[in-house]
file work29.cif (mmCIF, C-alpha atoms)
data_my_file
loop_
_atom_site.label_atom_id
_atom_site.label_comp_id
_atom_site.auth_asym_id
_atom_site.auth_seq_id
_atom_site.Cartn_x
_atom_site.Cartn_y
_atom_site.Cartn_z
CA MET A 10 0.00 0.00 0.00
CA LYS A 11 1.56 3.23 -1.10
CA ALA A 12 -1.38 5.61 -1.43
CA ALA A 13 -2.56 7.62 1.57
CA ALA A 14 -5.86 6.41 3.02
CA PHE A 15 -8.98 7.64 1.23
CA GLY A 16 -12.69 7.05 1.22
CA TYR A 17 -14.02 5.02 -1.70
CA VAL A 18 -17.41 5.40 -3.34
CA ARG A 19 -18.51 3.58 -6.46
CA ALA A 20 -20.87 5.68 -8.56
CA GLU A 21 -23.99 3.70 -9.47
CA SER A 22 -25.47 6.31 -11.80
CA LEU A 23 -24.52 9.66 -13.31
CA GLU A 24 -26.75 11.42 -10.79
CA HIS A 25 -25.03 9.54 -7.97
CA ALA A 26 -21.58 10.47 -9.32
CA LEU A 27 -22.51 14.16 -9.50
CA THR A 28 -23.90 14.06 -5.95
CA GLU A 29 -20.69 12.51 -4.64
CA LEU A 30 -18.43 14.85 -6.62
CA ALA A 31 -20.28 17.82 -5.11
CA VAL A 32 -18.79 16.81 -1.75
CA SER A 33 -15.62 18.81 -1.17
CA GLY A 34 -12.39 16.79 -1.37
CA THR A 35 -13.79 14.16 -3.77
CA VAL A 36 -11.95 13.34 -7.00
CA ALA A 37 -13.26 11.30 -9.91
CA LEU A 38 -11.43 8.06 -10.68
CA ALA A 39 -11.66 7.19 -14.39
CA GLY A 40 -9.08 4.79 -15.85
CA GLY A 41 -6.63 5.61 -13.07
CA GLN A 42 -3.54 5.43 -15.30
CA SER A 43 -2.47 8.95 -14.30
CA LEU A 44 -4.26 9.51 -10.98
CA VAL A 45 -3.21 6.24 -9.32
CA PRO A 46 0.54 6.76 -9.99
CA LEU A 47 0.18 10.26 -8.49
CA MET A 48 -1.52 8.72 -5.45
CA ALA A 49 1.16 6.02 -5.19
CA ARG A 50 3.80 8.76 -5.07
CA ARG A 51 1.57 10.78 -2.72
CA GLN A 52 1.66 13.73 -5.07
CA ALA A 53 -2.12 13.42 -4.87
CA ARG A 54 -3.83 12.68 -1.57
CA PRO A 55 -7.56 12.91 -2.20
CA GLU A 56 -9.91 12.63 0.78
CA ARG A 57 -12.43 10.67 -1.24
CA VAL A 58 -12.42 8.90 -4.58
CA CYS A 59 -15.55 8.44 -6.68
CA ASP A 60 -15.08 5.47 -9.04
CA LEU A 61 -16.72 5.97 -12.45
CA ASN A 62 -15.84 2.54 -13.85
CA ARG A 63 -19.29 1.00 -13.53
CA LEU A 64 -21.28 3.67 -15.34
CA PRO A 65 -22.49 2.27 -18.67
CA GLU A 66 -24.03 5.65 -19.58
CA LEU A 67 -20.50 7.07 -19.91
CA THR A 68 -19.17 4.38 -22.26
CA ARG A 69 -21.51 4.91 -25.21
CA ILE A 70 -20.52 6.25 -28.61
CA ASP A 71 -23.23 7.92 -30.69
CA PHE A 72 -22.41 8.22 -34.40
CA GLY A 73 -24.65 11.09 -35.51
CA SER A 74 -24.79 12.53 -39.01
CA GLU A 75 -23.31 15.87 -37.92
CA GLN A 76 -21.18 14.79 -34.98
CA ILE A 77 -19.87 11.84 -32.99
CA THR A 78 -20.40 11.84 -29.24
CA PHE A 79 -18.00 9.80 -27.14
CA GLY A 80 -18.86 8.98 -23.54
CA ALA A 81 -16.06 10.13 -21.24
CA MET A 82 -15.33 6.57 -20.08
CA VAL A 83 -14.69 5.18 -23.57
CA ARG A 84 -11.34 3.41 -23.24
CA GLN A 85 -8.31 4.39 -25.29
CA ALA A 86 -8.06 0.77 -26.50
CA HIS A 87 -11.56 1.06 -27.92
CA LEU A 88 -10.53 4.14 -29.92
CA GLN A 89 -7.62 2.14 -31.27
CA GLU A 90 -9.43 -1.08 -32.15
CA ASP A 91 -13.06 -0.29 -32.95
CA SER A 92 -13.82 -0.48 -36.69
CA ASP A 93 -16.67 2.08 -36.54
CA VAL A 94 -14.35 4.59 -34.85
CA ALA A 95 -11.64 3.88 -37.45
CA ARG A 96 -14.09 4.50 -40.31
CA ALA A 97 -15.35 7.76 -38.85
CA LEU A 98 -11.98 9.00 -37.54
CA PRO A 99 -9.06 7.24 -39.21
CA ILE A 100 -6.63 9.29 -37.13
CA ALA A 101 -7.87 7.81 -33.85
CA PRO A 102 -6.15 4.40 -34.16
CA GLN A 103 -3.00 6.10 -35.50
CA ALA A 104 -2.81 8.46 -32.54
CA MET A 105 -3.55 5.75 -29.97
CA GLN A 106 -0.57 3.64 -31.08
CA THR A 107 1.80 5.87 -29.15
CA LEU A 108 -0.40 6.57 -26.12
CA GLY A 109 0.99 4.53 -23.23
CA PHE A 110 0.96 0.78 -23.75
CA VAL A 111 -1.59 -1.91 -24.43
CA ALA A 112 -2.31 -2.59 -20.75
CA THR A 113 -2.69 1.12 -19.92
CA ARG A 114 -4.92 1.74 -22.96
CA HIS A 115 -7.29 -1.00 -21.74
CA ARG A 116 -7.98 1.14 -18.67
CA GLY A 117 -7.21 4.73 -19.70
CA THR A 118 -10.17 6.78 -20.90
CA ILE A 119 -10.85 9.73 -23.18
CA GLY A 120 -12.30 11.89 -20.43
CA GLY A 121 -9.61 11.07 -17.91
CA SER A 122 -6.87 11.96 -20.36
CA LEU A 123 -8.49 15.30 -21.26
CA CYS A 124 -9.00 16.25 -17.60
CA PHE A 125 -5.42 15.29 -16.72
CA ALA A 126 -4.41 17.74 -19.49
CA ASP A 127 -0.88 16.42 -19.95
CA PRO A 128 0.49 18.81 -22.61
CA CYS A 129 2.60 16.02 -24.11
CA ALA A 130 -0.29 13.59 -24.61
CA GLU A 131 -2.23 12.55 -27.68
CA LEU A 132 -5.86 12.98 -26.64
CA PRO A 133 -5.80 16.69 -25.71
CA ALA A 134 -4.07 17.34 -29.06
CA LEU A 135 -6.61 15.22 -30.91
CA ALA A 136 -9.45 17.14 -29.26
CA VAL A 137 -7.96 20.43 -30.48
CA LEU A 138 -7.28 19.06 -33.97
CA LEU A 139 -10.84 17.76 -34.33
CA GLU A 140 -12.40 20.90 -32.82
CA ALA A 141 -14.06 18.85 -30.12
CA ARG A 142 -16.40 20.22 -27.48
CA VAL A 143 -16.46 18.79 -23.98
CA VAL A 144 -19.67 18.36 -21.99
CA LEU A 145 -19.31 19.24 -18.31
CA HIS A 146 -22.07 18.15 -15.95
CA ARG A 147 -22.61 19.27 -12.39
CA LEU A 148 -25.47 18.67 -10.03
CA GLY A 149 -28.39 20.50 -11.63
CA GLY A 150 -26.52 21.88 -14.63
CA VAL A 151 -24.48 21.30 -17.74
CA ARG A 152 -22.21 23.38 -19.98
CA GLU A 153 -20.12 22.83 -23.09
CA LEU A 154 -16.69 24.20 -23.89
CA PRO A 155 -14.48 23.98 -26.97
CA ALA A 156 -11.44 21.81 -26.28
CA ASP A 157 -8.99 24.68 -26.69
CA GLU A 158 -10.83 26.68 -24.01
CA PHE A 159 -11.06 23.63 -21.74
CA LEU A 160 -7.29 23.06 -21.82
CA ILE A 161 -6.06 26.13 -19.94
CA GLU A 162 -2.43 25.27 -19.30
CA PRO A 163 -0.30 22.15 -18.79
CA TYR A 164 -2.05 19.83 -16.31
CA ARG A 165 -4.85 22.33 -15.75
CA SER A 166 -8.31 22.32 -17.29
CA ALA A 167 -11.36 24.56 -16.90
CA LEU A 168 -13.14 21.86 -14.88
CA LEU A 169 -14.68 23.40 -11.77
CA PRO A 170 -15.01 21.66 -8.40
CA GLY A 171 -18.05 19.40 -8.53
CA GLU A 172 -18.03 19.18 -12.31
CA LEU A 173 -17.60 15.98 -14.30
CA LEU A 174 -16.57 15.71 -17.93
CA THR A 175 -19.22 13.32 -19.27
CA ALA A 176 -18.81 13.40 -23.05
CA VAL A 177 -16.69 14.65 -25.93
CA ILE A 178 -18.47 15.83 -29.07
CA ILE A 179 -16.53 15.71 -32.32
CA PRO A 180 -18.02 17.31 -35.44
CA ARG A 181 -17.94 15.16 -38.57
CA SER A 182 -15.01 16.17 -40.74
CA THR A 183 -14.67 16.27 -44.51
CA ALA A 184 -10.94 15.55 -44.19
CA ASP A 185 -9.60 12.50 -45.99
CA ARG A 186 -5.90 12.74 -45.09
CA TRP A 187 -4.79 12.19 -41.50
CA GLY A 188 -1.43 11.96 -39.78
CA ALA A 189 -0.41 11.55 -36.13
CA VAL A 190 3.13 11.31 -34.80
CA LYS A 191 4.74 11.38 -31.38
CA LEU A 192 8.50 11.48 -30.92
CA ARG A 193 9.44 9.71 -27.69
CA VAL A 194 12.47 11.92 -27.24
CA ALA A 195 12.68 12.39 -23.48
CA GLN A 196 11.29 10.57 -20.47
CA GLY A 197 7.77 11.87 -20.00
CA ARG A 198 8.46 14.89 -22.24
CA PRO A 199 7.71 13.73 -25.77
CA ILE A 200 6.75 16.04 -28.59
CA GLY A 201 4.23 15.37 -31.33
CA ALA A 202 2.10 16.65 -34.15
CA GLN A 203 -1.21 15.77 -35.75
CA THR A 204 -2.70 16.89 -39.03
CA LYS A 205 -5.80 16.52 -41.16
CA TRP A 206 -6.73 17.94 -44.55
CA ARG A 207 -8.85 17.22 -47.57
CA ALA A 208 -7.45 16.47 -51.00
CA GLY A 209 -8.86 18.93 -53.54
CA PRO A 210 -9.83 18.08 -57.16
CA ALA A 211 -6.20 18.29 -58.34
CA GLY A 212 -4.81 16.61 -55.23
CA GLU A 213 -3.96 19.94 -53.60
CA ILE A 214 -4.17 20.48 -49.86
CA SER A 215 -7.48 21.92 -48.80
CA ASP A 216 -8.60 23.12 -45.36
CA PRO A 217 -5.53 21.82 -43.45
CA ARG A 218 -5.21 21.67 -39.69
CA VAL A 219 -1.87 21.18 -37.96
CA VAL A 220 -1.60 20.77 -34.19
CA LEU A 221 1.62 20.62 -32.18
CA PHE A 222 1.93 19.25 -28.66
CA ASP A 223 4.88 19.91 -26.39
CA ARG A 224 5.65 20.39 -22.70
CA ASP A 225 5.28 24.12 -22.10
CA ARG A 226 1.83 24.91 -23.50
CA PRO A 227 -1.42 23.10 -24.20
CA PRO A 228 -1.64 21.59 -27.70
CA ARG A 229 -2.17 24.32 -30.28
CA ARG A 230 -2.85 24.90 -33.95
CA LEU A 231 -0.03 26.12 -36.15
CA THR A 232 -2.11 28.49 -38.24
CA GLY A 233 0.87 29.96 -40.05
CA CYS A 234 1.91 26.54 -41.24
CA GLU A 235 -1.68 25.75 -42.26
CA ALA A 236 -1.80 28.92 -44.39
CA LEU A 237 1.40 27.96 -46.23
CA LEU A 238 0.05 24.46 -46.95
CA THR A 239 -3.34 25.58 -48.27
CA GLY A 240 -3.84 25.10 -52.00
CA ARG A 241 -0.42 23.54 -52.58
CA GLN A 242 0.51 20.09 -53.82
CA PRO A 243 1.69 17.86 -50.95
CA GLY A 244 5.35 16.90 -50.88
CA LEU A 245 8.36 16.75 -48.58
CA GLU A 246 9.77 20.07 -49.74
CA LEU A 247 6.48 21.88 -49.17
CA PHE A 248 6.11 20.30 -45.74
CA ARG A 249 9.61 21.36 -44.71
CA ASN A 250 9.17 24.89 -46.01
CA ALA A 251 5.74 25.31 -44.48
CA VAL A 252 6.97 24.53 -41.00
CA THR A 253 10.27 26.43 -41.37
CA ASP A 254 8.90 29.60 -42.98
CA SER A 255 5.71 29.94 -40.96
CA ALA A 256 5.28 32.66 -38.38
CA ASP A 257 4.11 30.19 -35.71
CA SER A 258 6.06 30.39 -32.48
CA LEU A 259 7.91 27.13 -31.94
CA PRO A 260 10.08 26.06 -29.02
CA ALA A 261 13.66 27.33 -29.08
CA GLY A 262 16.77 25.31 -29.84
CA HIS A 263 16.77 21.54 -30.00
CA ARG A 264 13.11 21.15 -29.10
CA GLY A 265 12.25 23.50 -31.95
CA ASP A 266 14.07 21.16 -34.33
CA LEU A 267 12.12 18.27 -32.85
CA ALA A 268 8.84 20.16 -33.25
CA ARG A 269 9.56 20.82 -36.92
CA ALA A 270 10.51 17.17 -37.42
CA ALA A 271 7.28 16.03 -35.77
CA VAL A 272 5.16 18.27 -38.00
CA VAL A 273 6.93 17.13 -41.18
CA ARG A 274 6.54 13.48 -40.19
CA ALA A 275 2.86 13.89 -39.38
CA LEU A 276 2.32 15.50 -42.79
CA LEU A 277 4.30 12.72 -44.48
CA ARG A 278 2.20 10.16 -42.67
CA SER A 279 -0.94 11.84 -43.95
CA VAL A 280 0.12 11.12 -47.54
CA GLU A 281 1.64 7.68 -46.87
CA VAL A 282 -1.42 6.35 -45.14
CA LEU A 283 -4.22 6.85 -47.60
CA ASN A 284 -6.84 6.20 -44.99
CA VAL A 285 -9.69 7.54 -47.04
CA ARG A 286 -12.90 8.08 -45.16
CA ALA A 287 -15.63 5.61 -46.10
CA MET B 1 -19.27 1.76 7.96
CA SER B 2 -16.90 4.57 7.02
CA GLU B 3 -15.87 5.00 3.41
CA ARG B 4 -12.25 4.45 4.50
CA ASP B 5 -12.93 1.14 6.22
CA ALA B 6 -11.82 -2.20 4.89
CA ARG B 7 -14.54 -4.08 3.07
CA ILE B 8 -15.15 -7.54 1.71
CA ILE B 9 -14.92 -8.04 -2.04
CA CYS B 10 -15.59 -11.13 -4.14
CA LEU B 11 -13.88 -11.94 -7.38
CA GLU B 12 -13.15 -14.90 -9.61
CA LEU B 13 -9.41 -15.50 -9.26
CA ASN B 14 -7.99 -17.96 -11.76
CA GLY B 15 -11.37 -19.58 -12.16
CA THR B 16 -12.11 -19.88 -8.43
CA PRO B 17 -14.46 -17.57 -6.50
CA VAL B 18 -12.56 -15.87 -3.67
CA THR B 19 -13.25 -13.20 -1.08
CA MET B 20 -10.82 -10.69 0.38
CA THR B 21 -11.04 -7.98 3.02
CA VAL B 22 -9.31 -4.90 1.65
CA GLU B 23 -8.82 -1.26 2.53
CA PRO B 24 -9.72 1.11 -0.33
CA ARG B 25 -6.07 2.13 -0.74
CA GLU B 26 -4.85 -1.45 -1.18
CA THR B 27 -3.88 -2.15 -4.78
CA LEU B 28 -5.04 -5.30 -6.54
CA ALA B 29 -1.39 -6.37 -6.81
CA ASP B 30 -0.83 -6.10 -3.06
CA ALA B 31 -4.15 -7.75 -2.26
CA LEU B 32 -3.53 -10.75 -4.51
CA ARG B 33 -0.07 -11.33 -3.11
CA ARG B 34 -1.10 -10.80 0.51
CA HIS B 35 -4.31 -12.81 0.53
CA HIS B 36 -3.70 -15.41 -2.13
CA GLY B 37 0.07 -15.72 -2.48
CA THR B 38 0.06 -15.09 -6.22
CA ARG B 39 3.76 -14.27 -6.42
CA GLY B 40 3.56 -14.28 -10.20
CA VAL B 41 2.16 -10.79 -9.74
CA ARG B 42 5.53 -9.06 -9.41
CA LEU B 43 5.86 -5.63 -7.86
CA GLY B 44 8.59 -3.67 -9.61
CA CYS B 45 7.91 0.04 -9.78
CA GLU B 46 4.44 0.10 -8.17
CA HIS B 47 3.40 3.10 -10.24
CA GLY B 48 2.60 1.75 -13.66
CA ALA B 49 5.96 2.02 -15.40
CA CYS B 50 7.34 -1.52 -15.51
CA GLY B 51 4.50 -3.92 -16.35
CA ALA B 52 5.74 -6.66 -14.01
CA CYS B 53 2.37 -6.81 -12.21
CA THR B 54 0.32 -7.34 -15.39
CA VAL B 55 -2.79 -9.50 -14.94
CA LEU B 56 -5.84 -10.14 -17.08
CA LEU B 57 -8.86 -8.26 -15.73
CA ASP B 58 -12.03 -9.60 -17.31
CA GLY B 59 -9.81 -10.94 -20.09
CA SER B 60 -7.84 -7.76 -20.85
CA SER B 61 -4.32 -7.02 -19.66
CA ALA B 62 -4.09 -4.40 -16.93
CA ARG B 63 -1.52 -3.22 -14.42
CA SER B 64 -2.62 -4.51 -11.05
CA CYS B 65 -0.59 -1.82 -9.26
CA LEU B 66 -2.82 0.82 -10.88
CA LEU B 67 -6.07 -0.78 -9.75
CA PHE B 68 -7.44 -0.57 -6.27
CA ALA B 69 -8.66 -4.00 -5.24
CA VAL B 70 -12.08 -2.56 -4.28
CA GLN B 71 -12.59 -1.63 -7.92
CA THR B 72 -12.41 -5.25 -9.01
CA ASP B 73 -15.29 -6.52 -6.87
CA GLY B 74 -17.26 -8.93 -9.05
CA SER B 75 -14.58 -9.14 -11.76
CA ARG B 76 -12.60 -12.04 -13.17
CA VAL B 77 -8.85 -11.85 -12.61
CA ASP B 78 -6.31 -14.20 -14.19
CA THR B 79 -2.69 -14.22 -13.04
CA ALA B 80 0.38 -16.10 -14.27
CA GLU B 81 -0.45 -18.89 -11.79
CA GLY B 82 -3.87 -19.53 -13.28
CA LEU B 83 -2.72 -19.25 -16.88
CA ALA B 84 0.10 -21.73 -16.16
CA GLU B 85 -2.51 -24.23 -14.97
CA SER B 86 -5.01 -23.91 -17.75
CA ASN B 87 -3.98 -21.79 -20.72
CA PRO B 88 -2.29 -23.69 -23.60
CA VAL B 89 -0.88 -20.52 -25.14
CA TYR B 90 0.72 -19.50 -21.85
CA GLN B 91 2.10 -23.03 -21.38
CA ARG B 92 3.59 -23.02 -24.87
CA LEU B 93 5.19 -19.61 -24.27
CA VAL B 94 6.76 -20.85 -21.02
CA ARG B 95 8.16 -23.93 -22.73
CA VAL B 96 9.54 -22.17 -25.81
CA LEU B 97 10.97 -19.16 -23.92
CA SER B 98 12.53 -21.45 -21.36
CA GLU B 99 14.12 -23.69 -24.02
CA SER B 100 15.54 -20.64 -25.79
CA ASN B 101 16.84 -18.98 -22.59
CA ALA B 102 14.78 -15.90 -23.32
CA PHE B 103 14.99 -14.54 -19.77
CA GLN B 104 17.91 -14.01 -17.43
CA CYS B 105 16.86 -13.09 -13.89
CA GLY B 106 13.22 -13.77 -14.66
CA PHE B 107 11.69 -10.97 -12.62
CA CYS B 108 9.84 -9.55 -15.62
CA ALA B 109 8.94 -12.99 -16.96
CA THR B 110 5.40 -13.36 -15.64
CA GLY B 111 4.35 -9.89 -16.80
CA MET B 112 5.89 -10.53 -20.22
CA LEU B 113 4.20 -13.93 -20.44
CA VAL B 114 0.75 -12.61 -19.49
CA THR B 115 1.10 -9.82 -22.08
CA ALA B 116 2.35 -12.24 -24.75
CA THR B 117 -0.47 -14.69 -23.97
CA GLU B 118 -3.04 -11.98 -24.60
CA LEU B 119 -1.29 -11.10 -27.86
CA LEU B 120 -1.11 -14.68 -29.19
CA ASN B 121 -4.69 -15.40 -28.20
CA ALA B 122 -5.84 -12.48 -30.34
CA GLU B 123 -3.23 -12.74 -33.09
CA PRO B 124 -1.65 -16.20 -33.44
CA CYS B 125 1.03 -15.14 -35.95
CA PRO B 126 2.11 -11.56 -35.17
CA ASP B 127 5.10 -10.06 -36.98
CA GLU B 128 8.11 -8.80 -35.06
CA ALA B 129 6.97 -5.18 -35.10
CA CYS B 130 3.66 -6.21 -33.57
CA ILE B 131 5.39 -8.27 -30.85
CA ARG B 132 7.68 -5.35 -30.00
CA ASP B 133 4.75 -2.96 -29.88
CA ARG B 134 2.75 -5.20 -27.56
CA LEU B 135 5.67 -5.96 -25.23
CA ALA B 136 6.78 -2.31 -25.13
CA GLY B 137 5.00 -1.77 -21.83
CA ASN B 138 6.99 -4.46 -20.03
CA LEU B 139 10.49 -3.54 -18.90
CA CYS B 140 13.36 -6.04 -18.73
CA ARG B 141 16.64 -4.89 -17.21
CA CYS B 142 18.71 -7.93 -18.22
CA THR B 143 18.27 -9.07 -21.76
CA GLY B 144 17.94 -6.10 -24.07
CA TYR B 145 14.66 -7.71 -25.19
CA GLN B 146 16.05 -9.44 -28.27
CA SER B 147 15.80 -12.94 -26.80
CA ILE B 148 12.28 -12.31 -25.48
CA VAL B 149 10.96 -10.97 -28.76
CA ALA B 150 12.60 -13.85 -30.65
CA GLY B 151 11.16 -16.34 -28.17
CA VAL B 152 7.62 -15.03 -28.54
CA ALA B 153 8.00 -15.14 -32.32
CA ARG B 154 9.10 -18.79 -32.09
CA ALA B 155 6.20 -19.65 -29.80
CA ALA B 156 3.84 -17.96 -32.22
CA VAL B 157 4.61 -20.23 -35.16
CA GLN B 158 4.61 -23.54 -33.26
CA PRO B 159 1.53 -25.72 -33.07
CA ALA B 160 -0.53 -25.45 -29.91
CA GLU B 161 0.49 -27.60 -26.94
CA SER B 162 -2.84 -29.35 -27.00
CA GLU B 163 -2.21 -30.51 -30.57
CA VAL B 164 1.18 -32.10 -29.88
CA SER B 165 0.56 -33.64 -26.48
CA SER B 166 -1.52 -36.74 -26.03
#
call {"tool": "encode", "arguments": {"input": "work29.cif", "output": "structure tokens"}}
result
Amino acid sequence: MKAAAFGYVRAESLEHALTELAVSGTVALAGGQSLVPLMARRQARPERVCDLNRLPELTRIDFGSEQITFGAMVRQAHLQEDSDVARALPIAPQAMQTLGFVATRHRGTIGGSLCFADPCAELPALAVLLEARVVLHRLGGVRELPADEFLIEPYRSALLPGELLTAVIIPRSTADRWGAVKLRVAQGRPIGAQTKWRAGPAGEISDPRVVLFDRDRPPRRLTGCEALLTGRQPGLELFRNAVTDSADSLPAGHRGDLARAAVVRALLRSVEVLNVRA
Amino acid sequence: MSERDARIICLELNGTPVTMTVEPRETLADALRRHHGTRGVRLGCEHGACGACTVLLDGSSARSCLLFAVQTDGSRVDTAEGLAESNPVYQRLVRVLSESNAFQCGFCATGMLVTATELLNAEPCPDEACIRDRLAGNLCRCTGYQSIVAGVARAAVQPAESEVSS
């Protein structure tokens, strides 16, 4: 036993979870792949833990015509392996390949990863890339926030005490090229990039999105790079120039080189893997 | 009863129903070793980095040091001990990896074997990249992994134990 003593409550319904989380000192336990190590090291010493792992209402995925709604307790392994998810979002299995390991993905969840807000992790970046909105429930209320407003700074989200992230809404995308890369360059401090775009009538890049994730800031779009890619034919030279010549602020020194490499590799992956949307 | 108090949980451990009295803060790994002597659940880092404590929870690999035992009430848990008794894929892995001296000190062996068993059950003939990807969450401080990856690849292409034994 390494964790400090805590009170344990298993949520039996969403209403029950919200009631328990309204009690001061209670934290939500999702997959536990980040919270439990913190508790083992006593960097986190919650008074009470509310276990969300038996709430079927938080594990559903609703494939709507305009948007896809993921329950917060959908496991990372499900994002990686489910064929319906892969058809709707070909980038999801790509991005999950580098998130932790098979045994941690079986437990780790979408909602837990977003709330942990690790700046070097895949899911916060994916939420920004896909322009996701998060649904935050509290006792007697609910609000929605865009992912980039939810992720305030490294390891800090806009979640208020008593609130629970219950779902992630992802608008359907017309993109048909997707690339996700993470460079495992330093213990716990990797750097990565994700991209999506649509191939125009002549194969040119249309409506590109490029997101970078790194240690010092939440994941963010590189809009300068996107502007230089728009309307051009994809290719290694373009990719290199777009990330080198853009006005986006990148990390200094060696990590800047790594950031540029990650973006170029994500763009290359988007043309290598012709994961065309069904 | 206080929320901090120890409580009784029931689970199916290696095919047998068992009960345990556990405090909320007791991990599944600690509880299994303390109450049921499953020493195949190795405790290396105790914070999710090494994979030595890997078990199958309701059929899927999970790190038992990152689960509180109270969470697993009503679940099925399979450890190296149970798989060694009853799982032909696990038994074949043990035989082939032992014959090829895949491990040195053996501390990581049970975690590796549980992970590899899950892999070969789902994918009987994985390529080397797939084996490396799946074993990436299990640390070995002796071998440099080459012999383990090669051993799993050899076990993957051999006929099942049940087919060769009488």
call {"tool": "closest_atom_pairs", "arguments": {"input": "work29.cif", "of": "chain A", "to": "chain B", "cutoff": "9 Å", "atoms": "only C-alpha atoms", "output": "tab-separated table"}}
result
residue	atom	partner	partner_atom	distance
A:Met10	CA	B:Glu26	CA	5.2
A:Lys11	CA	B:Arg25	CA	7.7
A:Ala12	CA	B:Arg25	CA	5.9
A:Ala13	CA	B:Arg25	CA	6.9
A:Ala14	CA	B:Arg25	CA	5.7
A:Phe15	CA	B:Arg4	CA	5.6
A:Gly16	CA	B:Arg4	CA	4.2
A:Tyr17	CA	B:Glu3	CA	5.4
A:Val18	CA	B:Glu3	CA	6.9
A:Arg19	CA	B:Gln71	CA	8.0
A:Gly40	CA	B:Leu67	CA	8.8
A:Gly41	CA	B:Leu66	CA	6.5
A:Gln42	CA	B:Leu66	CA	6.4
A:Ser43	CA	B:Leu66	CA	8.8
A:Leu44	CA	B:Leu66	CA	8.8
A:Val45	CA	B:Leu66	CA	5.7
A:Pro46	CA	B:His47	CA	4.7
A:Leu47	CA	B:His47	CA	8.0
A:Met48	CA	B:His47	CA	8.9
A:Ala49	CA	B:His47	CA	6.2
A:Arg50	CA	B:His47	CA	7.7
A:Arg57	CA	B:Glu3	CA	8.1
A:Asp60	CA	B:Gln71	CA	7.6
A:Asn62	CA	B:Gln71	CA	7.9
A:Gln106	CA	B:Asp133	CA	8.6
A:Gly109	CA	B:Gly137	CA	7.6
A:Phe110	CA	B:Gly137	CA	5.1
A:Val111	CA	B:Arg134	CA	6.3
A:Ala112	CA	B:Ala62	CA	4.6
A:Thr113	CA	B:Ala62	CA	6.4
A:Arg114	CA	B:Ala62	CA	8.6
A:His115	CA	B:Ala62	CA	6.7
A:Arg116	CA	B:Ala62	CA	7.0
call {"tool": "residues_around", "arguments": {"input": "work29.cif", "residues": "Asp91 in chain A", "least_positions_apart": "5", "cutoff": "12 Å", "atoms": "all atoms listed in the file", "output": "number ranges by chain"}}
result
A: 70, 83-86, 96-99, 101-102, 105
call {"tool": "resolve_selection", "arguments": {"input": "work29.cif", "expression": "the PyMOL selection byres ((chain A and resi 169-180) around 9)", "output": "PyMOL selection string"}}
result
chain A and resi 23+26-37+67+75-82+119-121+123-124+136+139-148+151+156+166-168+181-182
call {"tool": "resolve_selection", "arguments": {"input": "work29.cif", "expression": "the PyMOL selection byres ((chain B and resi 155) around 12)", "output": "ChimeraX atom specification"}}
result
/B:88-100,102,113,116-117,119-121,124-126,131,148-154,156-161
call {"tool": "closest_residue", "arguments": {"input": "work29.cif", "among": "A:Leu231, A:Val94, A:Leu221, A:Leu154", "to": "Pro199 in chain A", "atoms": "all atoms listed in the file"}}
result
A:Leu221
call {"tool": "residues_around", "arguments": {"input": "work29.cif", "residues": "Leu32 in chain B", "least_positions_apart": "6", "cutoff": "12 Å", "atoms": "only C-alpha atoms", "output": "number ranges by chain"}}
result
B: 9, 11-14, 18-22, 26, 38-43, 53, 55, 64-65, 67-70, 72, 77-81
call {"tool": "resolve_selection", "arguments": {"input": "work29.cif", "expression": "the PyMOL selection byres ((chain A and resi 222) around 6)", "output": "list in words"}}
result
Cys129, Ile200, Gly201, Leu221, Asp223 and Pro228 of chain A
call {"tool": "decode", "arguments": {"input": "work29.cif", "residues": "range 25-33 of chain B", "atoms": "N, CA and C atoms", "output": "tab-separated table (two decimals), in the first residue's frame"}}
result
chain	number	residue	atom	x	y	z
B	25	ARG	N	-7.35	1.74	-0.15
B	25	ARG	CA	-6.07	2.13	-0.74
B	25	ARG	C	-5.19	0.95	-1.13
B	26	GLU	N	-5.66	-0.26	-0.86
B	26	GLU	CA	-4.85	-1.45	-1.18
B	26	GLU	C	-4.96	-1.75	-2.67
B	27	THR	N	-3.82	-1.86	-3.35
B	27	THR	CA	-3.88	-2.15	-4.78
B	27	THR	C	-4.24	-3.61	-5.00
B	28	LEU	N	-4.72	-3.91	-6.21
B	28	LEU	CA	-5.04	-5.30	-6.54
B	28	LEU	C	-3.78	-6.16	-6.43
B	29	ALA	N	-2.65	-5.61	-6.86
B	29	ALA	CA	-1.39	-6.37	-6.81
B	29	ALA	C	-1.06	-6.77	-5.37
B	30	ASP	N	-1.12	-5.81	-4.47
B	30	ASP	CA	-0.83	-6.10	-3.06
B	30	ASP	C	-1.83	-7.10	-2.50
B	31	ALA	N	-3.11	-6.90	-2.82
B	31	ALA	CA	-4.15	-7.75	-2.26
B	31	ALA	C	-3.98	-9.20	-2.72
B	32	LEU	N	-3.68	-9.38	-4.00
B	32	LEU	CA	-3.53	-10.75	-4.51
B	32	LEU	C	-2.35	-11.45	-3.87
B	33	ARG	N	-1.25	-10.72	-3.72
B	33	ARG	CA	-0.07	-11.33	-3.11
B	33	ARG	C	-0.29	-11.62	-1.63
